[in-house]
$ cat coords_31.pdb   # PDB, C-alpha atoms and all ligand atoms
ATOM      1  CA  MET A 138     100.974  20.489 104.147  1.00  0.00           C
ATOM      2  CA  GLU A 139     103.700  23.017 104.771  1.00  0.00           C
ATOM      3  CA  THR A 140     102.306  26.372 105.821  1.00  0.00           C
ATOM      4  CA  THR A 141     104.524  29.390 105.706  1.00  0.00           C
ATOM      5  CA  SER A 142     103.515  31.954 108.238  1.00  0.00           C
ATOM      6  CA  SER A 143     103.659  35.219 106.367  1.00  0.00           C
ATOM      7  CA  PRO A 144     105.516  37.914 108.308  1.00  0.00           C
ATOM      8  CA  VAL A 145     103.029  40.046 110.146  1.00  0.00           C
ATOM      9  CA  VAL A 146     102.819  43.300 108.251  1.00  0.00           C
ATOM     10  CA  ARG A 147     103.063  45.853 110.963  1.00  0.00           C
ATOM     11  CA  ALA A 148     100.620  48.657 110.405  1.00  0.00           C
ATOM     12  CA  LYS A 149     102.195  52.063 110.044  1.00  0.00           C
ATOM     13  CA  LYS A 150     102.278  54.037 113.267  1.00  0.00           C
ATOM     14  CA  ARG A 151      99.885  56.964 113.187  1.00  0.00           C
ATOM     15  CA  ILE A 152     101.310  60.283 114.341  1.00  0.00           C
ATOM     16  CA  LEU A 153      99.071  63.256 115.045  1.00  0.00           C
ATOM     17  CA  ILE A 154     100.995  66.554 115.044  1.00  0.00           C
ATOM     18  CA  GLY A 155      99.302  69.439 116.848  1.00  0.00           C
ATOM     19  CA  ALA A 156     100.148  73.063 116.035  1.00  0.00           C
ATOM     20  CA  THR A 157      99.040  75.975 118.224  1.00  0.00           C
ATOM     21  CA  GLY A 158      99.367  79.756 118.310  1.00  0.00           C
ATOM     22  CA  SER A 159     103.068  80.186 118.917  1.00  0.00           C
ATOM     23  CA  VAL A 160     105.259  81.669 116.205  1.00  0.00           C
ATOM     24  CA  ALA A 161     107.173  78.376 116.462  1.00  0.00           C
ATOM     25  CA  SER A 162     104.424  76.913 114.273  1.00  0.00           C
ATOM     26  CA  VAL A 163     106.537  78.266 111.412  1.00  0.00           C
ATOM     27  CA  LYS A 164     108.496  75.029 111.885  1.00  0.00           C
ATOM     28  CA  ILE A 165     105.557  72.716 111.109  1.00  0.00           C
ATOM     29  CA  PRO A 166     106.390  72.275 107.381  1.00  0.00           C
ATOM     30  CA  LEU A 167     110.024  71.457 108.274  1.00  0.00           C
ATOM     31  CA  ILE A 168     109.096  69.014 111.055  1.00  0.00           C
ATOM     32  CA  VAL A 169     106.592  67.151 108.852  1.00  0.00           C
ATOM     33  CA  ARG A 170     108.963  67.067 105.850  1.00  0.00           C
ATOM     34  CA  THR A 171     111.738  65.622 108.051  1.00  0.00           C
ATOM     35  CA  LEU A 172     109.409  62.974 109.491  1.00  0.00           C
ATOM     36  CA  VAL A 173     108.274  61.976 105.971  1.00  0.00           C
ATOM     37  CA  GLU A 174     111.883  61.814 104.732  1.00  0.00           C
ATOM     38  CA  GLU A 175     113.200  59.817 107.698  1.00  0.00           C
ATOM     39  CA  LEU A 176     110.207  57.714 108.807  1.00  0.00           C
ATOM     40  CA  GLY A 177     107.990  57.789 105.734  1.00  0.00           C
ATOM     41  CA  ASP A 178     107.544  54.025 105.386  1.00  0.00           C
ATOM     42  CA  LEU A 179     106.907  53.496 109.133  1.00  0.00           C
ATOM     43  CA  ILE A 180     104.346  56.192 109.821  1.00  0.00           C
ATOM     44  CA  GLU A 181     101.215  57.998 108.722  1.00  0.00           C
ATOM     45  CA  ILE A 182     100.939  61.682 109.687  1.00  0.00           C
ATOM     46  CA  LYS A 183      98.005  64.029 110.171  1.00  0.00           C
ATOM     47  CA  VAL A 184      98.315  67.624 111.411  1.00  0.00           C
ATOM     48  CA  VAL A 185      95.702  69.373 113.523  1.00  0.00           C
ATOM     49  CA  ALA A 186      96.035  73.154 113.834  1.00  0.00           C
ATOM     50  CA  THR A 187      94.313  75.755 115.941  1.00  0.00           C
ATOM     51  CA  ASN A 188      93.045  78.819 114.105  1.00  0.00           C
ATOM     52  CA  ALA A 189      95.854  80.849 115.694  1.00  0.00           C
ATOM     53  CA  ALA A 190      98.479  78.402 114.386  1.00  0.00           C
ATOM     54  CA  LEU A 191      97.319  79.122 110.834  1.00  0.00           C
ATOM     55  CA  HIS A 192      98.819  82.601 111.144  1.00  0.00           C
ATOM     56  CA  PHE A 193     102.269  80.989 111.061  1.00  0.00           C
ATOM     57  CA  PHE A 194     102.205  78.432 108.237  1.00  0.00           C
ATOM     58  CA  ASN A 195     100.289  77.623 105.090  1.00  0.00           C
ATOM     59  CA  PRO A 196      98.744  74.118 105.102  1.00  0.00           C
ATOM     60  CA  SER A 197      99.568  73.859 101.376  1.00  0.00           C
ATOM     61  CA  ASN A 198     103.251  73.771 102.378  1.00  0.00           C
ATOM     62  CA  VAL A 199     102.754  70.743 104.659  1.00  0.00           C
ATOM     63  CA  LEU A 200     103.359  67.202 103.350  1.00  0.00           C
ATOM     64  CA  ALA A 201     100.413  65.850 105.325  1.00  0.00           C
ATOM     65  CA  GLU A 202      96.697  66.497 105.736  1.00  0.00           C
ATOM     66  CA  VAL A 203      96.092  69.568 107.931  1.00  0.00           C
ATOM     67  CA  LEU A 204      92.807  69.542 109.865  1.00  0.00           C
ATOM     68  CA  THR A 205      91.348  72.610 111.558  1.00  0.00           C
ATOM     69  CA  ASP A 206      88.295  73.631 113.557  1.00  0.00           C
ATOM     70  CA  LYS A 207      86.628  74.399 110.222  1.00  0.00           C
ATOM     71  CA  HIS A 208      86.967  70.733 109.214  1.00  0.00           C
ATOM     72  CA  GLU A 209      85.269  69.722 112.479  1.00  0.00           C
ATOM     73  CA  TRP A 210      82.223  71.835 111.725  1.00  0.00           C
ATOM     74  CA  ASP A 211      82.189  71.217 107.977  1.00  0.00           C
ATOM     75  CA  THR A 212      82.043  67.470 108.533  1.00  0.00           C
ATOM     76  CA  TRP A 213      79.389  67.477 111.274  1.00  0.00           C
ATOM     77  CA  LYS A 214      75.896  68.536 110.278  1.00  0.00           C
ATOM     78  CA  VAL A 215      73.529  65.947 111.777  1.00  0.00           C
ATOM     79  CA  ILE A 216      73.605  63.562 114.728  1.00  0.00           C
ATOM     80  CA  SER A 217      74.712  60.598 112.598  1.00  0.00           C
ATOM     81  CA  ASP A 218      77.779  62.395 111.198  1.00  0.00           C
ATOM     82  CA  PRO A 219      81.223  61.407 112.519  1.00  0.00           C
ATOM     83  CA  VAL A 220      82.754  63.585 115.225  1.00  0.00           C
ATOM     84  CA  LEU A 221      86.212  64.564 113.970  1.00  0.00           C
ATOM     85  CA  HIS A 222      87.950  64.926 117.347  1.00  0.00           C
ATOM     86  CA  ILE A 223      86.721  61.474 118.395  1.00  0.00           C
ATOM     87  CA  GLU A 224      87.736  59.961 115.041  1.00  0.00           C
ATOM     88  CA  LEU A 225      91.234  61.460 115.453  1.00  0.00           C
ATOM     89  CA  ARG A 226      91.518  60.322 119.069  1.00  0.00           C
ATOM     90  CA  LYS A 227      90.846  56.778 117.886  1.00  0.00           C
ATOM     91  CA  TRP A 228      93.118  57.089 114.829  1.00  0.00           C
ATOM     92  CA  ALA A 229      96.315  58.372 116.464  1.00  0.00           C
ATOM     93  CA  ASP A 230      98.938  56.197 118.159  1.00  0.00           C
ATOM     94  CA  LEU A 231     100.955  59.232 119.252  1.00  0.00           C
ATOM     95  CA  PHE A 232     100.042  62.910 119.692  1.00  0.00           C
ATOM     96  CA  VAL A 233     102.857  65.474 119.438  1.00  0.00           C
ATOM     97  CA  ILE A 234     101.928  69.097 120.089  1.00  0.00           C
ATOM     98  CA  CYS A 235     104.736  71.204 118.691  1.00  0.00           C
ATOM     99  CA  PRO A 236     104.466  74.011 119.574  1.00  0.00           C
ATOM    100  CA  LEU A 237     102.318  74.014 122.691  1.00  0.00           C
ATOM    101  CA  ASP A 238     101.406  77.643 123.280  1.00  0.00           C
ATOM    102  CA  ALA A 239     100.586  79.075 126.716  1.00  0.00           C
ATOM    103  CA  ASN A 240      96.875  79.183 125.933  1.00  0.00           C
ATOM    104  CA  THR A 241      96.631  75.526 124.933  1.00  0.00           C
ATOM    105  CA  LEU A 242      98.827  74.532 127.906  1.00  0.00           C
ATOM    106  CA  ALA A 243      96.355  76.212 130.241  1.00  0.00           C
ATOM    107  CA  LYS A 244      93.312  74.722 128.517  1.00  0.00           C
ATOM    108  CA  ALA A 245      94.803  71.206 128.531  1.00  0.00           C
ATOM    109  CA  ALA A 246      95.707  71.473 132.214  1.00  0.00           C
ATOM    110  CA  GLN A 247      92.186  72.560 133.149  1.00  0.00           C
ATOM    111  CA  GLY A 248      90.302  70.267 130.784  1.00  0.00           C
ATOM    112  CA  LEU A 249      88.918  73.063 128.627  1.00  0.00           C
ATOM    113  CA  CYS A 250      87.951  71.814 125.167  1.00  0.00           C
ATOM    114  CA  ASP A 251      86.804  74.566 122.845  1.00  0.00           C
ATOM    115  CA  ASN A 252      88.611  73.577 119.640  1.00  0.00           C
ATOM    116  CA  LEU A 253      89.765  70.523 117.721  1.00  0.00           C
ATOM    117  CA  ILE A 254      93.102  70.083 119.505  1.00  0.00           C
ATOM    118  CA  THR A 255      91.777  70.493 123.046  1.00  0.00           C
ATOM    119  CA  CYS A 256      88.796  68.210 122.307  1.00  0.00           C
ATOM    120  CA  ILE A 257      91.191  65.490 121.122  1.00  0.00           C
ATOM    121  CA  LEU A 258      93.206  65.879 124.347  1.00  0.00           C
ATOM    122  CA  ARG A 259      90.056  65.879 126.487  1.00  0.00           C
ATOM    123  CA  ALA A 260      88.986  62.553 124.909  1.00  0.00           C
ATOM    124  CA  TRP A 261      92.519  61.110 124.763  1.00  0.00           C
ATOM    125  CA  ASP A 262      93.279  57.445 125.576  1.00  0.00           C
ATOM    126  CA  GLU A 263      95.763  57.666 128.478  1.00  0.00           C
ATOM    127  CA  SER A 264      97.482  54.454 127.288  1.00  0.00           C
ATOM    128  CA  ARG A 265      98.764  56.317 124.199  1.00  0.00           C
ATOM    129  CA  PRO A 266     101.707  58.737 124.492  1.00  0.00           C
ATOM    130  CA  VAL A 267     101.460  62.514 124.273  1.00  0.00           C
ATOM    131  CA  ILE A 268     104.566  64.652 123.742  1.00  0.00           C
ATOM    132  CA  VAL A 269     104.315  68.431 124.123  1.00  0.00           C
ATOM    133  CA  CYS A 270     106.847  71.093 123.083  1.00  0.00           C
ATOM    134  CA  PRO A 271     106.041  74.344 124.932  1.00  0.00           C
ATOM    135  CA  ALA A 272     106.921  77.561 123.091  1.00  0.00           C
ATOM    136  CA  MET A 273     106.108  81.051 124.304  1.00  0.00           C
ATOM    137  CA  ASN A 274     107.601  84.408 125.180  1.00  0.00           C
ATOM    138  CA  THR A 275     110.063  84.253 128.100  1.00  0.00           C
ATOM    139  CA  ASN A 276     107.765  86.324 130.270  1.00  0.00           C
ATOM    140  CA  MET A 277     105.008  83.789 129.720  1.00  0.00           C
ATOM    141  CA  TRP A 278     107.391  80.900 130.362  1.00  0.00           C
ATOM    142  CA  ASN A 279     108.467  82.434 133.661  1.00  0.00           C
ATOM    143  CA  HIS A 280     104.871  83.086 134.798  1.00  0.00           C
ATOM    144  CA  LYS A 281     103.998  80.833 137.777  1.00  0.00           C
ATOM    145  CA  PHE A 282     101.056  79.285 135.937  1.00  0.00           C
ATOM    146  CA  THR A 283     103.419  77.667 133.405  1.00  0.00           C
ATOM    147  CA  ALA A 284     105.072  75.366 135.973  1.00  0.00           C
ATOM    148  CA  ARG A 285     101.688  74.729 137.650  1.00  0.00           C
ATOM    149  CA  HIS A 286     100.033  73.721 134.365  1.00  0.00           C
ATOM    150  CA  LEU A 287     102.995  71.662 133.149  1.00  0.00           C
ATOM    151  CA  SER A 288     103.067  69.660 136.391  1.00  0.00           C
ATOM    152  CA  ILE A 289      99.401  68.745 135.823  1.00  0.00           C
ATOM    153  CA  LEU A 290     100.198  67.534 132.279  1.00  0.00           C
ATOM    154  CA  THR A 291     103.201  65.491 133.415  1.00  0.00           C
ATOM    155  CA  ASP A 292     102.236  64.276 136.906  1.00  0.00           C
ATOM    156  CA  GLU A 293      98.486  63.746 136.396  1.00  0.00           C
ATOM    157  CA  LEU A 294      98.159  63.100 132.658  1.00  0.00           C
ATOM    158  CA  GLY A 295     101.527  61.443 131.989  1.00  0.00           C
ATOM    159  CA  TYR A 296     102.439  63.684 129.057  1.00  0.00           C
ATOM    160  CA  ARG A 297     106.117  64.004 128.107  1.00  0.00           C
ATOM    161  CA  VAL A 298     107.605  67.480 127.753  1.00  0.00           C
ATOM    162  CA  ILE A 299     110.401  68.528 125.407  1.00  0.00           C
ATOM    163  CA  PRO A 300     111.377  71.780 127.147  1.00  0.00           C
ATOM    164  CA  PRO A 301     111.884  75.098 125.362  1.00  0.00           C
ATOM    165  CA  ILE A 302     115.362  76.511 124.832  1.00  0.00           C
ATOM    166  CA  SER A 303     116.972  79.917 125.231  1.00  0.00           C
ATOM    167  CA  LYS A 304     117.112  81.954 122.023  1.00  0.00           C
ATOM    168  CA  LEU A 305     116.678  85.439 120.671  1.00  0.00           C
ATOM    169  CA  LEU A 306     112.897  85.150 120.297  1.00  0.00           C
ATOM    170  CA  ALA A 307     110.804  86.307 117.389  1.00  0.00           C
ATOM    171  CA  CYS A 308     109.728  89.414 119.335  1.00  0.00           C
ATOM    172  CA  GLY A 309     113.315  90.393 120.145  1.00  0.00           C
ATOM    173  CA  ASP A 310     113.371  89.115 123.742  1.00  0.00           C
ATOM    174  CA  LEU A 311     116.320  86.918 124.708  1.00  0.00           C
ATOM    175  CA  GLY A 312     115.628  83.953 126.962  1.00  0.00           C
ATOM    176  CA  VAL A 313     113.930  80.594 127.450  1.00  0.00           C
ATOM    177  CA  GLY A 314     110.786  80.140 125.417  1.00  0.00           C
ATOM    178  CA  ALA A 315     111.880  79.062 121.969  1.00  0.00           C
ATOM    179  CA  MET A 316     110.568  75.654 120.925  1.00  0.00           C
ATOM    180  CA  ALA A 317     113.134  72.841 121.040  1.00  0.00           C
ATOM    181  CA  GLU A 318     115.030  72.439 117.773  1.00  0.00           C
ATOM    182  CA  TYR A 319     113.161  70.431 115.123  1.00  0.00           C
ATOM    183  CA  ARG A 320     115.958  67.831 115.216  1.00  0.00           C
ATOM    184  CA  THR A 321     115.360  67.217 118.920  1.00  0.00           C
ATOM    185  CA  ILE A 322     111.618  66.809 118.339  1.00  0.00           C
ATOM    186  CA  VAL A 323     112.070  64.429 115.390  1.00  0.00           C
ATOM    187  CA  ASP A 324     114.571  62.325 117.340  1.00  0.00           C
ATOM    188  CA  GLU A 325     112.136  62.043 120.286  1.00  0.00           C
ATOM    189  CA  ILE A 326     109.395  60.915 117.902  1.00  0.00           C
ATOM    190  CA  LYS A 327     111.756  58.320 116.422  1.00  0.00           C
ATOM    191  CA  LYS A 328     112.493  57.007 119.925  1.00  0.00           C
ATOM    192  CA  GLU A 329     108.768  56.744 120.637  1.00  0.00           C
ATOM    193  CA  ILE A 330     108.142  54.852 117.390  1.00  0.00           C
ATOM    194  CA  ASP A 331     111.015  52.453 118.197  1.00  0.00           C
ATOM    195  CA  CYS A 332     109.543  51.951 121.672  1.00  0.00           C
ATOM    196  CA  MET A 333     106.100  51.139 120.266  1.00  0.00           C
ATOM    197  CA  LYS A 334     107.560  48.699 117.742  1.00  0.00           C
ATOM    198  CA  SER A 335     109.706  46.985 120.380  1.00  0.00           C
ATOM    199  CA  ILE A 336     106.598  46.441 122.510  1.00  0.00           C
ATOM    200  CA  GLU A 337     104.942  44.809 119.495  1.00  0.00           C
ATOM    201  CA  ASP A 338     107.890  42.528 118.693  1.00  0.00           C
TER     202      ASP A 338
HETATM  203  C1  LIG B 401     110.172  81.181 116.000  1.00  0.00           C
HETATM  204  C2  LIG B 401     111.428  80.473 116.449  1.00  0.00           C
HETATM  205  C3  LIG B 401     111.292  78.995 116.236  1.00  0.00           C
HETATM  206  C4  LIG B 401     112.590  80.997 115.615  1.00  0.00           C
HETATM  207  O1  LIG B 401     113.778  80.369 116.040  1.00  0.00           O
HETATM  208  C5  LIG B 401     111.709  80.770 117.932  1.00  0.00           C
HETATM  209  O2  LIG B 401     111.829  82.175 118.111  1.00  0.00           O
HETATM  210  C6  LIG B 401     110.591  80.233 118.808  1.00  0.00           C
HETATM  211  O3  LIG B 401     110.447  79.032 118.970  1.00  0.00           O
HETATM  212  N1  LIG B 401     109.774  81.130 119.338  1.00  0.00           N
HETATM  213  C7  LIG B 401     108.648  80.673 120.115  1.00  0.00           C
HETATM  214  C8  LIG B 401     108.466  81.585 121.269  1.00  0.00           C
HETATM  215  C9  LIG B 401     107.272  82.415 121.034  1.00  0.00           C
HETATM  216  O4  LIG B 401     106.211  81.909 120.726  1.00  0.00           O
HETATM  217  N2  LIG B 401     107.474  83.748 121.217  1.00  0.00           N
HETATM  218  C10 LIG B 401     106.410  84.651 121.191  1.00  0.00           C
HETATM  219  C11 LIG B 401     106.700  85.949 121.375  1.00  0.00           C
HETATM  220  S1  LIG B 401     108.338  86.427 121.567  1.00  0.00           S
END

$ encode --input "coords_31.pdb" --output "structure tokens" --more "lines below"
Ligand SMILES: CC(C)(CO)[C@@H](O)C(=O)NCCC(=O)N/C=C\S
Amino acid sequence: METTSSPVVRAKKRILIGATGSVASVKIPLIVRTLVEELGDLIEIKVVATNAALHFFNPSNVLAEVLTDKHEWDTWKVISDPVLHIELRKWADLFVICPLDANTLAKAAQGLCDNLITCILRAWDESRPVIVCPAMNTNMWNHKFTARHLSILTDELGYRVIPPISKLLACGDLGVGAMAEYRTIVDEIKKEIDCMKSIED
């Protein structure tokens, strides 16, 4: 009997986008919309935001589910309830934190986990890629702790960094600290998806 092997339907790649307390979080709706437009049939997207990030965008303007610390505590009441940061750590194939603010950079480098995003990182599966896009005031970027913390993320944890660029910043300062352009970030995500799919093929 002839059997036709049906083409393996490749599951969609699951991208977790993290947003933290840099004004660059204003770009979250644009980044997600571009990913949906250009990779929509290849990926699933969820967004996790710190409380500070919510000062910079409205989740109702994002074309993906936006999860916050409130969701973590609304969904966990008794021991048998699921733990959101563990569920998300298992769900995601790729974690992109854009922007990575100075506070979350420091927490990630030291293993602090006091909110949804840092708990996901603290429980992260090292075999899955993490891309971070630092964004902060130039004076913060130039502080010696920035290089120290970034080297921990890259050298010890294997995260990839899309470096900030020089711009007239939201506070009027001119210099390095602006998040990489959304196009750069989307293109890096596309490369990562291609890499994952080529490993599968
Ligand atoms: C907001 C945007 C994207 C506009 O082009 C750009 O200024 C930026 O990435 N700023 C992030 C740097 C920052 O957090 N500054 C905080 C105090 S100056």

$ axis_aligned_box --input "coords_31.pdb" --around "ligand LIG 401 (chain B)" --padding-each-side "4 Å" --output "lines of an AutoDock Vina configuration file"
center_x = 110.0
center_y = 82.7
center_z = 118.6
size_x = 15.6
size_y = 15.4
size_z = 14.0

$ atom_distance --input "coords_31.pdb" --atom1 "CA of Arg320 (chain A)" --atom2 "CA of Ile336 (chain A)"
24.5 Å

$ residues_around --input "coords_31.pdb" --residues "region 228-240 of chain A" --least-positions-apart "5" --cutoff "8 Å" --atoms "all atoms listed in the file" --output "PyMOL selection string"
chain A and resi 150-159+161-162+165+265-273+277-278+283+316

$ residues_around --input "coords_31.pdb" --residues "region 191-205 of chain A" --least-positions-apart "3" --cutoff "8 Å" --atoms "all atoms listed in the file" --output "short mmCIF file (atom, residue, chain, number, x, y, z; two decimals) with C-alpha atoms, in the coordinates of the input"
data_model
loop_
_atom_site.label_atom_id
_atom_site.label_comp_id
_atom_site.auth_asym_id
_atom_site.auth_seq_id
_atom_site.Cartn_x
_atom_site.Cartn_y
_atom_site.Cartn_z
CA GLY A 158 99.37 79.76 118.31
CA SER A 159 103.07 80.19 118.92
CA VAL A 160 105.26 81.67 116.20
CA ALA A 161 107.17 78.38 116.46
CA SER A 162 104.42 76.91 114.27
CA VAL A 163 106.54 78.27 111.41
CA ILE A 165 105.56 72.72 111.11
CA PRO A 166 106.39 72.28 107.38
CA VAL A 169 106.59 67.15 108.85
CA ARG A 170 108.96 67.07 105.85
CA VAL A 173 108.27 61.98 105.97
CA ILE A 182 100.94 61.68 109.69
CA LYS A 183 98.00 64.03 110.17
CA VAL A 184 98.32 67.62 111.41
CA VAL A 185 95.70 69.37 113.52
CA ALA A 186 96.04 73.15 113.83
CA THR A 187 94.31 75.76 115.94
CA ASN A 188 93.04 78.82 114.10
CA HIS A 208 86.97 70.73 109.21
CA GLU A 209 85.27 69.72 112.48
CA LEU A 253 89.76 70.52 117.72
#

$ atom_distance --input "coords_31.pdb" --atom1 "CA of Arg226 (chain A)" --atom2 "CA of Gln247 (chain A)"
18.7 Å

$ closest_residue --input "coords_31.pdb" --among "A:Ala189, A:Trp261, A:Arg297, A:Thr241" --to "Ile223 (chain A)" --atoms "all atoms listed in the file"
A:Trp261

$ closest_residue --input "coords_31.pdb" --among "A:Glu325, A:Ala284, A:Asn274, A:Val220" --to "Ser303 (chain A)" --atoms "only C-alpha atoms"
A:Asn274

$ closest_residue --input "coords_31.pdb" --among "A:Thr321, A:Thr291, A:Asn252, A:Thr275" --to "Cys308 (chain A)" --atoms "only C-alpha atoms"
A:Thr275

$ atom_distance --input "coords_31.pdb" --atom1 "CA of Val298 (chain A)" --atom2 "CA of Lys227 (chain A)"
22.2 Å

$ closest_residue --input "coords_31.pdb" --among "A:Lys164, A:Glu174, A:Gly248, A:Leu225" --to "ligand LIG 401 (chain B)" --atoms "all atoms listed in the file"
A:Lys164
